[in-house]
Amino acid sequence: MPTQSSSSGSDDQPQLKDQDLYEKLRDEGNSKEKAARISNAAANQGRSEIGKKGGESPSYEEWTVDELTDRAKELGIEGYSKMKKDELIGTLREH
């Protein structure tokens, strides 16, 4: 009977391509999902390219409440329809 390799890590943690960057981002307070997304993108495209990528979108404070709720819905955030603008912004930044 073949045995399965456990090299993929635990089931509750996503596969990470840049563990050091992931840990740094988590230490800075980023969510697991966001840290994994950024660290994997950096591993695929290079850290300098990922740094250049940011800053094209206006800050959330400039968005309308409708735009913020659309983005929250897009990301699968629950309870967004009852949130005020400041709460939406905080939730989106932590996601």
# chains A, B, ... in the order shown; residues from 1 in each chain; ligands from 1
>>> residues_around(residues="region 12-28 of chain A", least_positions_apart="3", cutoff="9 Å", atoms="only C-alpha atoms", output="ChimeraX atom specification")
/A:8-9,31-44
>>> write_last_selection(atoms="C-alpha atoms", output="PDB file, in the first residue's frame")
ATOM      1  CA  SER A   8       2.802  19.837   1.918  1.00  0.00           C
ATOM      2  CA  GLY A   9       2.506  20.839   5.592  1.00  0.00           C
ATOM      3  CA  SER A  31      -4.154  38.127   7.897  1.00  0.00           C
ATOM      4  CA  LYS A  32      -2.987  34.630   6.952  1.00  0.00           C
ATOM      5  CA  GLU A  33      -4.712  34.918   3.568  1.00  0.00           C
ATOM      6  CA  LYS A  34      -3.192  38.307   2.736  1.00  0.00           C
ATOM      7  CA  ALA A  35       0.296  37.300   3.901  1.00  0.00           C
ATOM      8  CA  ALA A  36       0.155  34.113   1.826  1.00  0.00           C
ATOM      9  CA  ARG A  37      -1.091  35.979  -1.248  1.00  0.00           C
ATOM     10  CA  ILE A  38       1.676  38.593  -1.031  1.00  0.00           C
ATOM     11  CA  SER A  39       4.492  36.165  -0.217  1.00  0.00           C
ATOM     12  CA  ASN A  40       3.524  33.794  -3.038  1.00  0.00           C
ATOM     13  CA  ALA A  41       3.239  36.657  -5.527  1.00  0.00           C
ATOM     14  CA  ALA A  42       6.650  37.931  -4.425  1.00  0.00           C
ATOM     15  CA  ALA A  43       8.167  34.477  -4.895  1.00  0.00           C
ATOM     16  CA  ASN A  44       6.665  34.205  -8.388  1.00  0.00           C
TER      17      ASN A  44
END
>>> atom_distance(atom1="CA of Gly79 (chain A)", atom2="CA of Asn30 (chain A)")
20.1 Å
>>> residues_around(residues="Thr69 (chain A)", least_positions_apart="2", cutoff="9 Å", atoms="only C-alpha atoms", output="list in words")
Thr64, Val65, Asp66, Glu67, Arg71, Ala72, Lys73, Glu74, Tyr80, Ser81, Met83, Lys85 and Leu88 of chain A
>>> write_last_selection(atoms="C-alpha atoms", output="mmCIF file, in the first residue's frame")
data_model
loop_
_atom_site.group_PDB
_atom_site.id
_atom_site.type_symbol
_atom_site.label_atom_id
_atom_site.label_comp_id
_atom_site.auth_asym_id
_atom_site.auth_seq_id
_atom_site.Cartn_x
_atom_site.Cartn_y
_atom_site.Cartn_z
ATOM 1 C CA THR A 64 -17.989 55.479 -1.684
ATOM 2 C CA VAL A 65 -19.823 53.180 0.728
ATOM 3 C CA ASP A 66 -21.319 51.356 -2.278
ATOM 4 C CA GLU A 67 -17.844 50.719 -3.681
ATOM 5 C CA ARG A 71 -15.426 45.069 -2.599
ATOM 6 C CA ALA A 72 -16.326 43.417 0.715
ATOM 7 C CA LYS A 73 -18.871 41.222 -1.066
ATOM 8 C CA GLU A 74 -16.285 40.367 -3.730
ATOM 9 C CA TYR A 80 -20.587 44.077 5.404
ATOM 10 C CA SER A 81 -24.114 45.314 4.749
ATOM 11 C CA MET A 83 -21.103 48.176 8.612
ATOM 12 C CA LYS A 85 -17.812 53.308 6.229
ATOM 13 C CA LEU A 88 -15.763 48.639 6.140
#
>>> atom_distance(atom1="CA of Glu61 (chain A)", atom2="CA of Ile77 (chain A)")
18.3 Å
>>> atom_distance(atom1="CA of Leu75 (chain A)", atom2="CA of Gly90 (chain A)")
13.8 Å
>>> closest_residue(among="A:Ile89, A:Trp63, A:Pro58, A:His95", to="Gly76 (chain A)", atoms="only C-alpha atoms")
A:His95
